[in-house]
>>> print(open('data_26.csv').read())   # CSV, C-alpha atoms
chain,number,residue,atom,x,y,z
K,1,MET,CA,10.2,5.3,7.8
K,2,GLU,CA,7.6,4.8,5.1
K,3,GLN,CA,9.1,1.4,4.1
K,4,TYR,CA,8.4,0.1,7.6
K,5,SER,CA,4.8,1.3,7.4
K,6,HIS,CA,4.5,-0.3,4.0
K,7,VAL,CA,5.3,-3.7,5.5
K,8,ILE,CA,2.4,-3.3,8.0
K,9,ILE,CA,0.0,-2.2,5.2
K,10,GLU,CA,1.0,-5.3,3.2
K,11,LEU,CA,0.5,-7.4,6.3
K,12,GLU,CA,-3.0,-6.0,6.8
K,13,ASP,CA,-3.9,-6.6,3.2
K,14,ASP,CA,-2.6,-10.2,3.3
K,15,LEU,CA,-4.4,-11.0,6.6
K,16,HIS,CA,-7.6,-9.7,5.1
K,17,GLN,CA,-7.1,-11.8,2.0
K,18,ILE,CA,-6.3,-14.9,4.2
K,19,ALA,CA,-9.4,-14.3,6.3
K,20,THR,CA,-11.7,-14.0,3.3
K,21,THR,CA,-10.3,-17.0,1.3
K,22,SER,CA,-9.7,-19.6,4.0
K,23,ASP,CA,-12.6,-21.9,4.8
K,24,ARG,CA,-11.6,-22.9,8.3
K,25,LEU,CA,-10.6,-20.8,11.2
K,26,LEU,CA,-7.8,-23.1,12.2
K,27,ASN,CA,-6.3,-22.8,8.7
K,28,THR,CA,-6.8,-19.0,8.8
K,29,ALA,CA,-4.9,-18.8,12.1
K,30,LYS,CA,-2.1,-21.0,10.9
K,31,MET,CA,-1.6,-19.0,7.6
K,32,ALA,CA,-1.9,-15.7,9.5
K,33,ILE,CA,0.8,-16.7,12.0
K,34,LYS,CA,3.2,-17.5,9.2
K,35,ARG,CA,2.4,-14.2,7.5
K,36,CYS,CA,2.9,-12.2,10.7
K,37,GLN,CA,6.2,-14.0,11.3
K,38,VAL,CA,7.4,-13.1,7.8
K,39,SER,CA,6.5,-9.5,8.4
K,40,LEU,CA,8.3,-9.4,11.7
K,41,THR,CA,11.4,-11.0,10.1
K,42,GLU,CA,11.2,-8.5,7.2
K,43,LEU,CA,11.0,-5.6,9.7
K,44,ARG,CA,13.9,-6.9,11.6
K,45,ARG,CA,16.0,-7.3,8.5
K,46,MET,CA,15.1,-3.7,7.4
K,47,VAL,CA,16.0,-2.3,10.8
K,48,ILE,CA,19.4,-4.1,10.8
K,49,SER,CA,20.3,-3.1,7.2
K,50,GLU,CA,18.8,0.4,7.1
K,51,GLY,CA,18.5,1.6,10.7
K,52,PHE,CA,16.6,4.8,11.5
K,53,PRO,CA,17.1,8.3,10.1
K,54,ASP,CA,16.6,9.8,13.5
K,55,ARG,CA,15.6,9.1,17.1
K,56,GLN,CA,12.0,10.1,16.6
K,57,SER,CA,11.7,7.5,13.8
K,58,GLU,CA,13.2,4.8,16.0
K,59,ILE,CA,10.7,5.6,18.8
K,60,ARG,CA,7.8,5.6,16.4
K,61,PHE,CA,8.9,2.2,15.0
K,62,PHE,CA,9.1,0.6,18.5
K,63,LYS,CA,5.9,2.3,19.8
K,64,LYS,CA,3.6,2.0,16.8
K,65,ILE,CA,4.9,-0.1,13.9
K,66,LYS,CA,6.4,-3.2,15.4
K,67,PRO,CA,3.5,-3.6,17.9
K,68,GLU,CA,1.1,-3.6,15.0
K,69,ALA,CA,2.6,-6.8,13.6
K,70,TYR,CA,3.4,-8.4,16.9
K,71,SER,CA,-0.1,-7.9,18.3
K,72,ARG,CA,-1.6,-9.6,15.3
K,73,LEU,CA,0.9,-12.5,15.7
K,74,LEU,CA,-0.2,-12.9,19.3
K,75,PHE,CA,-3.9,-12.7,18.4
K,76,TYR,CA,-3.6,-15.4,15.8
K,77,GLN,CA,-1.4,-17.6,18.1
K,78,VAL,CA,-4.1,-17.5,20.8
K,79,LEU,CA,-6.8,-18.1,18.1
K,80,PHE,CA,-4.9,-21.1,16.8
K,81,GLU,CA,-4.4,-22.5,20.3
K,82,LEU,CA,-8.1,-22.1,21.1
K,83,GLU,CA,-9.3,-23.6,17.9
K,84,SER,CA,-6.9,-26.6,18.1
K,85,PHE,CA,-8.2,-27.4,21.6
K,86,ARG,CA,-11.8,-26.4,21.0
K,87,PHE,CA,-13.0,-30.0,20.6
K,88,LYS,CA,-11.1,-31.3,23.6
K,89,TYR,CA,-12.5,-28.9,26.1
K,90,ASP,CA,-15.9,-27.5,26.9
K,91,SER,CA,-16.7,-23.8,26.5
K,92,GLU,CA,-16.4,-23.1,30.3
K,93,ARG,CA,-12.8,-24.3,30.3
K,94,ILE,CA,-12.0,-22.3,27.2
K,95,ILE,CA,-13.4,-19.1,28.8
K,96,GLN,CA,-11.2,-19.8,31.9
K,97,CYS,CA,-8.2,-20.2,29.7
K,98,LEU,CA,-8.9,-16.9,27.9
K,99,LYS,CA,-9.4,-15.0,31.1
K,100,ALA,CA,-6.2,-16.4,32.5
K,101,LYS,CA,-4.0,-15.8,29.4
K,102,LEU,CA,-5.2,-12.5,28.1
K,103,PRO,CA,-4.5,-9.5,30.4
K,104,LYS,CA,-6.7,-6.5,30.1
K,105,PRO,CA,-5.3,-3.2,29.0
K,106,THR,CA,-4.7,-0.5,31.6
K,107,ASN,CA,-6.5,2.9,31.3
K,108,ASN,CA,-3.4,4.4,29.6
K,109,GLU,CA,-3.2,1.5,27.2
K,110,ILE,CA,-6.9,2.0,26.3
K,111,ILE,CA,-6.2,5.7,25.7
K,112,GLU,CA,-3.3,4.8,23.4
K,113,LEU,CA,-5.4,2.1,21.6
K,114,LEU,CA,-8.1,4.7,21.0
K,115,LYS,CA,-5.6,7.3,19.7
K,116,ILE,CA,-4.0,4.8,17.3
K,117,SER,CA,-7.4,3.6,16.1
K,118,PHE,CA,-8.7,7.1,15.6
K,119,SER,CA,-5.5,8.5,14.0
K,120,ALA,CA,-7.0,8.4,10.5
K,121,LEU,CA,-10.0,10.6,11.4
K,122,LYS,CA,-10.4,13.7,13.4
K,123,LEU,CA,-11.8,13.3,16.9
K,124,ASN,CA,-14.4,15.7,18.2
K,125,GLN,CA,-12.8,18.0,20.7
K,126,SER,CA,-15.4,17.3,23.4
K,127,ILE,CA,-14.5,13.6,23.5
K,128,ASN,CA,-12.6,12.9,26.7
K,129,LEU,CA,-10.5,9.7,26.1
K,130,GLU,CA,-9.8,9.3,29.9
K,131,HIS,CA,-13.6,9.2,30.5
K,132,TYR,CA,-14.0,6.5,27.8
K,133,SER,CA,-11.0,4.6,29.1
K,134,GLU,CA,-12.7,4.3,32.4
K,135,LYS,CA,-15.9,3.1,30.7
K,136,MET,CA,-13.9,0.5,28.8
K,137,ALA,CA,-11.9,-0.7,31.9
K,138,GLY,CA,-11.9,-4.5,32.1
K,139,MET,CA,-12.5,-5.0,28.4
K,140,SER,CA,-10.0,-6.8,26.2
K,141,TYR,CA,-7.7,-5.2,23.8
K,142,ALA,CA,-9.7,-6.6,20.9
K,143,ILE,CA,-13.0,-5.1,22.1
K,144,VAL,CA,-11.5,-1.7,22.7
K,145,VAL,CA,-10.1,-1.7,19.1
K,146,LYS,CA,-13.4,-3.0,17.8
K,147,ILE,CA,-15.3,-0.2,19.6
K,148,ALA,CA,-12.9,2.4,18.1
K,149,ASN,CA,-13.3,0.9,14.6
K,150,ASP,CA,-17.0,0.8,14.9
K,151,ALA,CA,-17.2,4.5,16.0
K,152,ALA,CA,-14.9,5.4,13.0
K,153,LYS,CA,-17.1,3.4,10.6
K,154,LYS,CA,-20.2,5.2,11.9
K,155,ALA,CA,-18.6,8.6,11.3
K,156,VAL,CA,-17.6,7.6,7.7
K,157,ILE,CA,-21.0,6.1,6.9
K,158,ASN,CA,-22.7,9.3,8.1
K,159,SER,CA,-20.2,11.3,5.9
K,160,ASN,CA,-18.8,13.1,9.0
K,161,ARG,CA,-15.3,14.4,9.0
K,162,GLU,CA,-14.9,13.6,12.7
K,163,ILE,CA,-15.9,11.0,15.2
K,164,SER,CA,-18.6,12.3,17.4
K,165,ILE,CA,-19.6,11.5,21.0
K,166,THR,CA,-22.7,9.8,19.6
K,167,ASP,CA,-20.6,7.6,17.3
K,168,LEU,CA,-18.4,6.5,20.2
K,169,ASP,CA,-21.3,6.0,22.6
K,170,MET,CA,-23.2,3.9,20.1
K,171,ALA,CA,-20.2,1.7,19.4
K,172,LEU,CA,-19.5,1.3,23.1
K,173,GLU,CA,-23.1,0.4,23.8
K,174,GLU,CA,-23.3,-2.1,21.0
K,175,ASN,CA,-20.1,-3.8,22.1
K,176,GLU,CA,-20.7,-3.9,25.9
K,177,ALA,CA,-22.8,-7.0,25.4
K,178,ILE,CA,-19.9,-8.8,23.8
K,179,ASN,CA,-17.7,-8.1,26.8
K,180,LYS,CA,-20.2,-9.7,29.3
>>> encode(input="data_26.csv", output="structure tokens")
Amino acid sequence: MEQYSHVIIELEDDLHQIATTSDRLLNTAKMAIKRCQVSLTELRRMVISEGFPDRQSEIRFFKKIKPEAYSRLLFYQVLFELESFRFKYDSERIIQCLKAKLPKPTNNEIIELLKISFSALKLNQSINLEHYSEKMAGMSYAIVVKIANDAAKKAVINSNREISITDLDMALEENEAINK
């Protein structure tokens, strides 16, 4: 199972490298799409040749690992589409396109996104993810993940071993403006 996770880690590193070295967003999106496709092909090849040691590994692969690569591919495809048509359309038309194309996550999906994003750190026991999923209802997948990452960063910067309610509330408050 570790070899599958390694593909995702390499993808993350490569996407970060692409984002920091590319001078144009359109080029970044194009290179990132190719890199995501390579990772998905590699994962597919590995699954076909090696399979899974047990049912639990198979479930983990399809629930966590493959969606990591696929979600990035979808993100960069939408980014590429928006950037390539940016000069043809005004911003109002682009916003309408975004709202029509990108569905919002359900409360259960928000909870899962938060769990995945917080998996590297301990979460304060008093944090009720259902409550936060209701607060984040109507936000995009990207904003939900950004809020989770911001909360985790605040915890790490403050040398905390767990994410606190304050960390999560501050991250939510800072990002609510982006969602409007």
>>> residues_around(input="data_26.csv", residues="stretch 70-72 of chain K", least_positions_apart="6", cutoff="10 Å", atoms="all atoms listed in the file", output="PyMOL selection string")
chain K and resi 11-12+15+32-33+35-37+39-40+78+141
>>> closest_residue(input="data_26.csv", among="K:Asn158, K:Asn27, K:Ser133, K:Ser22", to="K:Gln77", atoms="all atoms listed in the file")
K:Asn27
>>> closest_residue(input="data_26.csv", among="K:Ile127, K:Ile116, K:Ile59, K:Leu79", to="K:Glu162", atoms="only C-alpha atoms")
K:Ile127
>>> residues_around(input="data_26.csv", residues="K:Phe80", least_positions_apart="3", cutoff="12 Å", atoms="all atoms listed in the file", output="ChimeraX atom specification")
/K:24-34,73-77,83-86
>>> write_last_selection(input="data_26.csv", atoms="C-alpha atoms", output="PDB file, in the frame of the given file")
ATOM      1  CA  ARG K  24     -11.600 -22.900   8.300  1.00  0.00           C
ATOM      2  CA  LEU K  25     -10.600 -20.800  11.200  1.00  0.00           C
ATOM      3  CA  LEU K  26      -7.800 -23.100  12.200  1.00  0.00           C
ATOM      4  CA  ASN K  27      -6.300 -22.800   8.700  1.00  0.00           C
ATOM      5  CA  THR K  28      -6.800 -19.000   8.800  1.00  0.00           C
ATOM      6  CA  ALA K  29      -4.900 -18.800  12.100  1.00  0.00           C
ATOM      7  CA  LYS K  30      -2.100 -21.000  10.900  1.00  0.00           C
ATOM      8  CA  MET K  31      -1.600 -19.000   7.600  1.00  0.00           C
ATOM      9  CA  ALA K  32      -1.900 -15.700   9.500  1.00  0.00           C
ATOM     10  CA  ILE K  33       0.800 -16.700  12.000  1.00  0.00           C
ATOM     11  CA  LYS K  34       3.200 -17.500   9.200  1.00  0.00           C
ATOM     12  CA  LEU K  73       0.900 -12.500  15.700  1.00  0.00           C
ATOM     13  CA  LEU K  74      -0.200 -12.900  19.300  1.00  0.00           C
ATOM     14  CA  PHE K  75      -3.900 -12.700  18.400  1.00  0.00           C
ATOM     15  CA  TYR K  76      -3.600 -15.400  15.800  1.00  0.00           C
ATOM     16  CA  GLN K  77      -1.400 -17.600  18.100  1.00  0.00           C
ATOM     17  CA  GLU K  83      -9.300 -23.600  17.900  1.00  0.00           C
ATOM     18  CA  SER K  84      -6.900 -26.600  18.100  1.00  0.00           C
ATOM     19  CA  PHE K  85      -8.200 -27.400  21.600  1.00  0.00           C
ATOM     20  CA  ARG K  86     -11.800 -26.400  21.000  1.00  0.00           C
TER      21      ARG K  86
END
>>> atom_distance(input="data_26.csv", atom1="atom CA of K:Met136", atom2="atom CA of K:Ile110")
7.6 Å
>>> closest_residue(input="data_26.csv", among="K:Val144, K:Ala155, K:Leu113, K:Ala69", to="K:Leu172", atoms="all atoms listed in the file")
K:Val144
>>> closest_residue(input="data_26.csv", among="K:Leu121, K:Asn160, K:Thr106, K:Lys115", to="K:Ser140", atoms="all atoms listed in the file")
K:Thr106
>>> residues_around(input="data_26.csv", residues="K:Val156", least_positions_apart="4", cutoff="12 Å", atoms="all atoms listed in the file", output="PyMOL selection string")
chain K and resi 118+120-122+149-152+160-164+167
>>> atom_distance(input="data_26.csv", atom1="atom CA of K:Val145", atom2="atom CA of K:Leu168")
11.7 Å
>>> residues_near_point(input="data_26.csv", point="(-19.8, 3.2, 29.7)", cutoff="8 Å", atoms="all atoms listed in the file", output="PDB file with C-alpha atoms, keeping the file's coordinate frame")
ATOM      1  CA  TYR K 132     -14.000   6.500  27.800  1.00  0.00           C
ATOM      2  CA  GLU K 134     -12.700   4.300  32.400  1.00  0.00           C
ATOM      3  CA  LYS K 135     -15.900   3.100  30.700  1.00  0.00           C
ATOM      4  CA  MET K 136     -13.900   0.500  28.800  1.00  0.00           C
ATOM      5  CA  ASP K 169     -21.300   6.000  22.600  1.00  0.00           C
ATOM      6  CA  LEU K 172     -19.500   1.300  23.100  1.00  0.00           C
ATOM      7  CA  GLU K 173     -23.100   0.400  23.800  1.00  0.00           C
TER       8      GLU K 173
END
>>> atom_distance(input="data_26.csv", atom1="atom CA of K:His131", atom2="atom CA of K:Ala177")
19.3 Å
>>> closest_residue(input="data_26.csv", among="K:Lys154, K:Arg93, K:Lys104, K:Arg44", to="K:Gly138", atoms="all atoms listed in the file")
K:Lys104
>>> closest_residue(input="data_26.csv", among="K:Ala137, K:Ile165, K:Glu92, K:Pro105", to="K:Gln125", atoms="all atoms listed in the file")
K:Ile165
